[in-house]
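Trainee: Below you'll find the structure I mean.
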Amino acid sequence: MKISKNLKKIIIALIIVGVCVVLFYPFTFERYIRNKQKVQIAVMDSMSQTSGDKGNTVTYEAGTEEFQKIREILADYQYHHTIKSFINNPQLSGDPDEFIMLVMENDSLILTNGGEILINGRLYRIGYGDGARAQKMIDEIKAVME
């Protein structure tokens with residue numbers, strides 16, 4: 001069976017649109033904190049150690065004002081897939097100099113100021129450009145911790 005040139009073009013266009021929808025469709029972080037009893041947050045200056053400043057690791061229990069603020073922050077921001085999400089390549093691009101780790105029972109989020117985030121070991125992106133949106137989210141979380 002021979003496929004016409006127009007049908008091939010339509011199929012290719014649908015595939016491209018489908019890939020774009022999958023890669024750029026935003027998901028909210030709030031689903032990771034929903035129905036959780038606590039959130040642990042650590043500010044890190046590298047992927048392996050917390051920052052030297054005191055008070056950079058905290059735990060907030062459900063029902064506290066801080067927990068609710070963190071939940072609101074997570075609801076205000078979205079992430080989307082990258083090619084690395086599907087090939088399970090958790091390697092961060094560039095050299096981000098600020099990290100925040102949130103642990104909510106079985107879920108972990110490691111947010112970088114470069115715009116990338118590791119969610120349960122898979123790499124995603126916050127925003128569609130530079131890391132400005134991710135930096136804003138980090139700043140809001142740090143403000144709750146102060």
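All residue names refer to the structure tokens as shown: chains lettered A, B, ... in order, residues numbered from 1 in each chain, ligands numbered from 1 in order.
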Considering only C-alpha atoms, return as a list in words whatever protein or nucleic-acid residues lie within 9 Å of region 116-132 of chain A, sequence-local ones (same chain, fewer than 6 positions apart) excluded.

Mentor: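 So the residues in contact are Phe24, Pro26, Tyr77, Gln78, Tyr79, His80, His81, Thr82, Ile83, Lys84, Ser85, Phe86, Asn88, Asn89, Pro90, Gln91, Leu92, Ser93, Asn106, Asp107, Ser108, Leu109 and Ile110 of chain A.
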
Trainee: Looking only at the backbone, which of the residues in region 14-114 of chain A does DSSP tag as helix (DSSP H, G or I), as number ranges by chain?

Mentor: A: 14-24, 29-32, 65-76, 83-87

Trainee: Would you work out the distance separating CA of Thr57 (chain A) from CA of Leu102 (chain A), expressed in Å to one decimal?

Mentor: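 Between CA of Thr57 (chain A) and CA of Leu102 (chain A) the gap works out to 9.8 Å.
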
Trainee: For Tyr60 (chain A), please output as an mmCIF file with C-alpha atoms, in the first residue's frame all residues within 8 Å (counting only C-alpha atoms; exclusion window: fewer than 2 positions along the same chain).

Mentor:
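Heads up, here's the output in around.cif:
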```cif
data_model
loop_
_atom_site.group_PDB
_atom_site.id
_atom_site.type_symbol
_atom_site.label_atom_id
_atom_site.label_comp_id
_atom_site.auth_asym_id
_atom_site.auth_seq_id
_atom_site.Cartn_x
_atom_site.Cartn_y
_atom_site.Cartn_z
ATOM 1 C CA LYS A 38 5.924 16.057 56.696
ATOM 2 C CA VAL A 39 8.462 17.669 54.427
ATOM 3 C CA GLN A 40 12.203 17.774 55.061
ATOM 4 C CA VAL A 58 14.475 21.681 58.578
ATOM 5 C CA ALA A 62 1.525 18.741 58.216
ATOM 6 C CA THR A 64 2.003 23.866 60.480
ATOM 7 C CA GLU A 66 5.419 26.542 57.182
ATOM 8 C CA PHE A 67 4.179 23.235 55.732
#
```

Trainee: Record the distance separating CA of Ile15 (chain A) and CA of Arg133 (chain A), expressed in Å with one decimal.

Mentor: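 That distance, rounded to one decimal, is 29.1 Å.
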
Trainee: With a distance cut-off of 6 Å and only C-alpha atoms, select the neighbouring residues of region 111-113 of chain A, excluding the residue or stretch itself and same-chain residues fewer than 4 positions from it, and output the selection as a PyMOL selection string.

Mentor: chain A and resi 96+98-100+117+131+134-135

Trainee: CA of Met137 (chain A) and CA of Ile41 (chain A), how far apart in Å?

Mentor: 13.2 Å
